[in-house]
$ cat target_28.txt   # compact mmCIF, C-alpha atoms
# COMPACT_ATOMS: atom_id res chain seq x y z
CA GLU A 275 83.43 71.76 105.81
CA PRO A 276 80.50 73.97 106.87
CA GLU A 277 81.14 77.69 106.77
CA VAL A 278 79.48 81.01 107.45
CA THR A 279 78.57 82.88 104.27
CA GLN A 280 77.83 86.57 103.83
CA THR A 281 76.33 88.68 101.05
CA PRO A 282 77.09 91.00 99.45
CA SER A 283 80.87 91.00 99.60
CA HIS A 284 80.94 94.75 98.95
CA GLN A 285 78.16 97.30 99.34
CA VAL A 286 78.43 100.94 98.36
CA THR A 287 75.69 103.25 99.60
CA GLN A 288 74.99 106.92 100.04
CA MET A 289 74.81 108.54 103.43
CA GLY A 290 71.29 108.32 104.86
CA GLN A 291 70.35 105.19 102.93
CA GLU A 292 69.30 101.91 104.53
CA VAL A 293 71.40 98.79 104.03
CA ILE A 294 70.80 95.17 104.88
CA LEU A 295 73.75 92.84 105.31
CA ARG A 296 73.00 89.15 105.08
CA CYS A 297 74.56 86.12 106.69
CA VAL A 298 73.92 82.40 106.61
CA PRO A 299 75.43 80.90 109.79
CA ILE A 300 76.59 77.30 110.09
CA SER A 301 73.42 75.21 110.11
CA ASN A 302 73.49 73.63 113.60
CA HIS A 303 74.79 76.73 115.37
CA LEU A 304 72.63 78.47 117.94
CA TYR A 305 74.41 81.73 118.75
CA PHE A 306 74.91 84.47 116.22
CA TYR A 307 77.01 87.62 116.25
CA TRP A 308 77.85 90.70 114.26
CA TYR A 309 81.22 92.41 114.52
CA ARG A 310 82.75 95.23 112.57
CA GLN A 311 86.29 96.25 111.73
CA ILE A 312 87.11 99.77 110.64
CA LEU A 313 90.18 99.80 108.39
CA GLY A 314 93.34 99.52 110.48
CA GLN A 315 91.46 99.00 113.74
CA LYS A 316 90.53 96.04 115.88
CA VAL A 317 87.50 93.81 115.38
CA GLU A 318 84.68 95.18 117.56
CA PHE A 319 81.61 93.41 118.89
CA LEU A 320 78.24 94.80 117.82
CA VAL A 321 75.55 92.37 118.91
CA SER A 322 74.83 88.79 119.92
CA PHE A 323 71.60 86.92 119.18
CA TYR A 324 70.14 83.74 120.58
CA ASN A 325 66.71 82.16 120.55
CA ASN A 326 65.34 84.94 118.34
CA GLU A 327 66.32 87.79 120.56
CA ILE A 328 69.27 90.05 121.24
CA SER A 329 71.43 88.77 124.10
CA GLU A 330 73.88 91.62 124.32
CA LYS A 331 74.71 94.73 122.34
CA SER A 332 77.57 97.19 122.41
CA GLU A 333 77.33 100.96 122.65
CA ILE A 334 77.98 101.07 118.91
CA PHE A 335 74.71 99.20 118.28
CA ASP A 336 72.35 102.16 118.62
CA ASP A 337 68.80 102.67 117.35
CA GLN A 338 70.03 102.82 113.76
CA PHE A 339 70.96 99.14 113.90
CA SER A 340 68.70 96.11 114.04
CA VAL A 341 69.11 92.38 113.59
CA GLU A 342 66.71 89.73 112.50
CA ARG A 343 66.57 86.02 111.83
CA PRO A 344 63.71 86.02 109.32
CA ASP A 345 63.81 82.28 108.67
CA GLY A 346 65.73 79.20 109.79
CA SER A 347 68.87 80.05 107.92
CA ASN A 348 69.42 83.79 107.40
CA PHE A 349 70.64 86.35 109.92
CA THR A 350 70.56 90.00 108.89
CA LEU A 351 71.97 93.30 110.09
CA LYS A 352 70.10 96.42 109.06
CA ILE A 353 71.47 99.93 109.28
CA ARG A 354 68.54 102.33 108.89
CA SER A 355 70.29 105.56 107.98
CA THR A 356 73.95 105.07 107.18
CA LYS A 357 76.63 107.52 108.22
CA LEU A 358 80.11 107.99 106.81
CA GLU A 359 81.55 106.45 109.98
CA ASP A 360 79.63 103.21 109.35
CA SER A 361 82.12 102.42 106.58
CA ALA A 362 83.82 99.22 107.72
CA MET A 363 84.04 95.46 107.23
CA TYR A 364 81.10 93.74 108.88
CA PHE A 365 81.56 90.16 109.98
CA CYS A 366 78.93 87.64 110.95
CA ALA A 367 79.95 84.84 113.32
CA SER A 368 78.24 81.82 114.81
CA ARG A 369 78.81 79.12 117.41
CA TRP A 370 76.84 76.16 118.68
CA GLY A 371 78.01 75.45 122.22
CA THR A 372 76.47 76.28 125.56
CA SER A 373 79.60 77.86 127.02
CA GLY A 374 81.84 80.65 125.84
CA GLY A 375 84.53 80.05 123.31
CA GLU A 376 85.26 79.75 119.66
CA GLN A 377 83.20 81.51 117.03
CA TYR A 378 83.36 80.95 113.31
CA PHE A 379 83.44 83.99 111.08
CA GLY A 380 82.18 84.69 107.62
CA PRO A 381 84.25 86.42 104.92
CA GLY A 382 82.71 89.80 105.68
CA THR A 383 80.83 92.53 103.84
CA ARG A 384 82.78 95.67 103.05
CA LEU A 385 80.42 98.61 103.51
CA THR A 386 81.40 101.90 101.92
CA VAL A 387 79.24 104.92 102.74
CA THR A 388 79.75 107.92 100.45
CA GLN B 1077 94.17 100.06 130.54
CA LYS B 1078 92.91 98.34 127.41
CA GLU B 1079 91.16 94.99 127.93
CA VAL B 1080 93.37 93.18 125.43
CA GLU B 1081 96.73 94.40 124.25
CA GLN B 1082 98.76 92.84 121.49
CA ASP B 1083 102.30 93.58 120.33
CA PRO B 1084 101.79 96.05 117.46
CA GLY B 1085 104.31 94.70 114.95
CA PRO B 1086 104.77 94.33 112.08
CA LEU B 1087 107.00 91.30 112.38
CA SER B 1088 109.27 89.98 109.65
CA VAL B 1089 111.12 86.67 109.99
CA PRO B 1090 113.03 84.34 107.66
CA GLU B 1091 111.46 81.08 106.56
CA GLY B 1092 112.01 78.33 109.13
CA ALA B 1093 112.14 80.69 112.12
CA ILE B 1094 110.18 80.15 115.32
CA VAL B 1095 107.64 82.93 115.75
CA SER B 1096 106.25 84.05 119.10
CA LEU B 1097 103.11 86.20 119.20
CA ASN B 1098 101.78 87.54 122.48
CA CYS B 1099 98.80 89.22 124.09
CA THR B 1100 98.10 90.51 127.57
CA TYR B 1101 94.72 91.17 129.08
CA SER B 1102 93.24 92.80 132.15
CA ASN B 1103 89.81 91.17 132.55
CA SER B 1104 89.95 88.23 134.98
CA ALA B 1105 86.60 86.99 133.66
CA PHE B 1106 88.20 85.81 130.42
CA GLN B 1107 88.33 82.02 130.37
CA TYR B 1108 88.44 81.18 126.65
CA PHE B 1109 91.37 82.23 124.50
CA MET B 1110 91.51 82.08 120.73
CA TRP B 1111 93.96 82.87 117.99
CA TYR B 1112 92.62 83.86 114.60
CA ARG B 1113 94.45 84.39 111.33
CA GLN B 1114 93.21 87.09 108.99
CA TYR B 1115 94.24 87.83 105.44
CA SER B 1116 93.72 91.30 104.01
CA ARG B 1117 90.01 92.19 103.76
CA LYS B 1118 88.96 88.65 104.73
CA GLY B 1119 87.22 87.19 107.76
CA PRO B 1120 89.12 85.92 110.81
CA GLU B 1121 89.90 82.22 110.55
CA LEU B 1122 90.05 80.26 113.80
CA LEU B 1123 93.49 78.73 114.37
CA MET B 1124 93.62 77.70 118.01
CA TYR B 1125 91.21 77.62 120.93
CA THR B 1126 92.14 77.09 124.59
CA TYR B 1127 90.12 76.99 127.76
CA SER B 1128 91.76 78.32 130.93
CA SER B 1129 95.50 77.92 131.52
CA GLY B 1130 97.81 75.49 129.79
CA ASN B 1131 99.26 74.58 126.43
CA LYS B 1132 97.66 73.25 123.27
CA GLU B 1133 99.51 72.01 120.23
CA ASP B 1134 98.27 71.59 116.67
CA GLY B 1135 100.90 70.74 114.10
CA ARG B 1136 103.36 73.64 113.91
CA PHE B 1137 101.23 75.83 116.19
CA THR B 1138 101.28 75.93 120.00
CA ALA B 1139 98.99 78.11 122.08
CA GLN B 1140 99.95 78.90 125.64
CA VAL B 1141 97.84 80.56 128.34
CA ASP B 1142 99.12 81.83 131.68
CA LYS B 1143 96.12 83.13 133.56
CA SER B 1144 98.16 84.10 136.62
CA SER B 1145 100.10 86.57 134.47
CA LYS B 1146 97.16 87.33 132.16
CA TYR B 1147 99.37 86.50 129.21
CA ILE B 1148 98.79 84.33 126.16
CA SER B 1149 101.13 83.30 123.37
CA LEU B 1150 101.04 81.63 119.99
CA PHE B 1151 104.19 79.89 118.77
CA ILE B 1152 104.69 78.97 115.13
CA ARG B 1153 107.49 76.50 114.44
CA ASP B 1154 109.23 76.17 111.07
CA SER B 1155 107.43 79.24 109.75
CA GLN B 1156 106.47 79.25 106.08
CA PRO B 1157 105.78 82.10 103.64
CA SER B 1158 102.15 80.90 103.65
CA ASP B 1159 101.98 81.84 107.35
CA SER B 1160 102.24 85.50 106.32
CA ALA B 1161 99.02 87.11 107.61
CA THR B 1162 97.63 89.14 110.47
CA TYR B 1163 97.21 87.21 113.73
CA LEU B 1164 94.51 88.24 116.17
CA CYS B 1165 94.14 87.13 119.74
CA ALA B 1166 90.58 87.01 121.09
CA MET B 1167 89.07 86.18 124.46
CA SER B 1168 85.71 85.60 126.06
CA GLY B 1169 84.06 84.81 129.36
CA THR B 1170 82.09 81.70 130.18
CA GLY B 1171 78.55 82.81 129.39
CA ALA B 1172 76.90 81.09 126.46
CA ASN B 1173 76.48 84.35 124.60
CA SER B 1174 79.93 85.65 125.45
CA LYS B 1175 81.24 88.13 122.94
CA LEU B 1176 84.82 87.99 121.76
CA THR B 1177 87.18 90.80 122.71
CA PHE B 1178 90.00 91.11 120.21
CA GLY B 1179 93.53 92.41 120.24
CA LYS B 1180 94.46 94.78 117.45
CA GLY B 1181 96.40 92.11 115.57
CA ILE B 1182 99.99 91.75 114.45
CA THR B 1183 101.04 91.40 110.83
CA LEU B 1184 103.58 88.65 110.24
CA SER B 1185 105.69 88.38 107.12
CA VAL B 1186 107.76 85.23 106.54
CA ARG B 1187 110.53 85.85 104.01
CA PRO B 1188 111.49 82.96 101.68

$ encode --input "target_28.txt" --output "structure tokens"
Amino acid sequence: EPEVTQTPSHQVTQMGQEVILRCVPISNHLYFYWYRQILGQKVEFLVSFYNNEISEKSEIFDDQFSVERPDGSNFTLKIRSTKLEDSAMYFCASRWGTSGGEQYFGPGTRLTVT
Amino acid sequence: QKEVEQDPGPLSVPEGAIVSLNCTYSNSAFQYFMWYRQYSRKGPELLMYTYSSGNKEDGRFTAQVDKSSKYISLFIRDSQPSDSATYLCAMSGTGANSKLTFGKGITLSVRP
């Protein structure tokens, strides 16, 4: 069964460093998302991406964040200068349909900023 | 008022019990309703997906949506220890890019 994959599973970085989180969405999906989950809190939307551009972003997704689909399979989230409060699980999700609804999530990348 | 509220739990039931998990919401634009299961430090796994009001059944799981009351439920029949996990409700509007808005999740423990 096709699935969303993410690498790395765990990333430890120092405050102020840049990190890139990588995702490979399900191959025929058209819509891509990043969410994050701070420990003990709800899953929060960061950004949606379609047709090589951002469709919507949350207030969390400030100038320190960027997304890219560098080729036909990868989807990346870059955090330019990490802060302690960026420590969280980051989930990539994808869907194929033309209406709202179900999204399929990857296993997540645990980002620890020290 | 929060957009999506979910009973905080945790919930502990004996094996074989019927489990009822619930969420309420305030945004009338929500049309798609999902239940995800999440194990510790893992990604949400889609369990059930419903459009608009009504019931949907899949094996031991039944999802129910009452849009007039802005209330959704997930029922688990004959619960098993393997059902022990955190259950998240999630909702979205009808736009193609619609983001999911999640409840906080409830942790279920099924005792053998």

$ closest_residue --input "target_28.txt" --among "A:Ile294, A:Ile300, A:Ala367, A:Val317" --to "Gly1181 in chain B" --atoms "all atoms listed in the file"
A:Val317

$ residues_around --input "target_28.txt" --residues "Glu342 in chain A" --least-positions-apart "2" --cutoff "12 Å" --atoms "all atoms listed in the file" --output "PDB file with C-alpha atoms, keeping the file's coordinate frame"
ATOM      1  CA  ILE A 294      70.800  95.170 104.880  1.00  0.00           C
ATOM      2  CA  LEU A 295      73.750  92.840 105.310  1.00  0.00           C
ATOM      3  CA  ARG A 296      73.000  89.150 105.080  1.00  0.00           C
ATOM      4  CA  CYS A 297      74.560  86.120 106.690  1.00  0.00           C
ATOM      5  CA  VAL A 298      73.920  82.400 106.610  1.00  0.00           C
ATOM      6  CA  PHE A 306      74.910  84.470 116.220  1.00  0.00           C
ATOM      7  CA  TYR A 307      77.010  87.620 116.250  1.00  0.00           C
ATOM      8  CA  TRP A 308      77.850  90.700 114.260  1.00  0.00           C
ATOM      9  CA  VAL A 321      75.550  92.370 118.910  1.00  0.00           C
ATOM     10  CA  SER A 322      74.830  88.790 119.920  1.00  0.00           C
ATOM     11  CA  PHE A 323      71.600  86.920 119.180  1.00  0.00           C
ATOM     12  CA  TYR A 324      70.140  83.740 120.580  1.00  0.00           C
ATOM     13  CA  ASN A 325      66.710  82.160 120.550  1.00  0.00           C
ATOM     14  CA  ASN A 326      65.340  84.940 118.340  1.00  0.00           C
ATOM     15  CA  GLU A 327      66.320  87.790 120.560  1.00  0.00           C
ATOM     16  CA  ILE A 328      69.270  90.050 121.240  1.00  0.00           C
ATOM     17  CA  PHE A 339      70.960  99.140 113.900  1.00  0.00           C
ATOM     18  CA  SER A 340      68.700  96.110 114.040  1.00  0.00           C
ATOM     19  CA  PRO A 344      63.710  86.020 109.320  1.00  0.00           C
ATOM     20  CA  ASP A 345      63.810  82.280 108.670  1.00  0.00           C
ATOM     21  CA  GLY A 346      65.730  79.200 109.790  1.00  0.00           C
ATOM     22  CA  SER A 347      68.870  80.050 107.920  1.00  0.00           C
ATOM     23  CA  ASN A 348      69.420  83.790 107.400  1.00  0.00           C
ATOM     24  CA  PHE A 349      70.640  86.350 109.920  1.00  0.00           C
ATOM     25  CA  THR A 350      70.560  90.000 108.890  1.00  0.00           C
ATOM     26  CA  LEU A 351      71.970  93.300 110.090  1.00  0.00           C
ATOM     27  CA  LYS A 352      70.100  96.420 109.060  1.00  0.00           C
ATOM     28  CA  ILE A 353      71.470  99.930 109.280  1.00  0.00           C
TER      29      ILE A 353
END

$ closest_residue --input "target_28.txt" --among "A:Ser355, A:Gln291, A:Ser361, A:Gln377" --to "chain B" --atoms "only C-alpha atoms"
A:Gln377

$ closest_residue --input "target_28.txt" --among "B:Pro1086, B:Pro1188, B:Gly1135, B:Gly1119" --to "chain A" --atoms "all atoms listed in the file"
B:Gly1119

$ interface_residues --input "target_28.txt" --of "chain B" --to "chain A" --cutoff "10 Å" --atoms "only C-alpha atoms" --output "ChimeraX atom specification"
/B:1106-1112,1114,1117-1127,1164,1166-1181

$ atom_distance --input "target_28.txt" --atom1 "CA of Thr1100 in chain B" --atom2 "CA of Asp1142 in chain B"
9.7 Å

$ residues_around --input "target_28.txt" --residues "Ser1144 in chain B" --least-positions-apart "6" --cutoff "12 Å" --atoms "all atoms listed in the file" --output "list in words"
Thr1100, Tyr1101, Ser1102, Asn1103, Ser1104, Phe1106, Gln1107, Ser1128, Ser1129 and Gly1130 of chain B

$ write_last_selection --input "target_28.txt" --atoms "C-alpha atoms" --output "mmCIF file, in the frame of the given file"
data_model
loop_
_atom_site.group_PDB
_atom_site.id
_atom_site.type_symbol
_atom_site.label_atom_id
_atom_site.label_comp_id
_atom_site.auth_asym_id
_atom_site.auth_seq_id
_atom_site.Cartn_x
_atom_site.Cartn_y
_atom_site.Cartn_z
ATOM 1 C CA THR B 1100 98.100 90.510 127.570
ATOM 2 C CA TYR B 1101 94.720 91.170 129.080
ATOM 3 C CA SER B 1102 93.240 92.800 132.150
ATOM 4 C CA ASN B 1103 89.810 91.170 132.550
ATOM 5 C CA SER B 1104 89.950 88.230 134.980
ATOM 6 C CA PHE B 1106 88.200 85.810 130.420
ATOM 7 C CA GLN B 1107 88.330 82.020 130.370
ATOM 8 C CA SER B 1128 91.760 78.320 130.930
ATOM 9 C CA SER B 1129 95.500 77.920 131.520
ATOM 10 C CA GLY B 1130 97.810 75.490 129.790
#

$ atom_distance --input "target_28.txt" --atom1 "CA of Lys1146 in chain B" --atom2 "CA of Gly1092 in chain B"
28.8 Å

$ atom_distance --input "target_28.txt" --atom1 "CA of Ser1155 in chain B" --atom2 "CA of Arg1136 in chain B"
8.1 Å
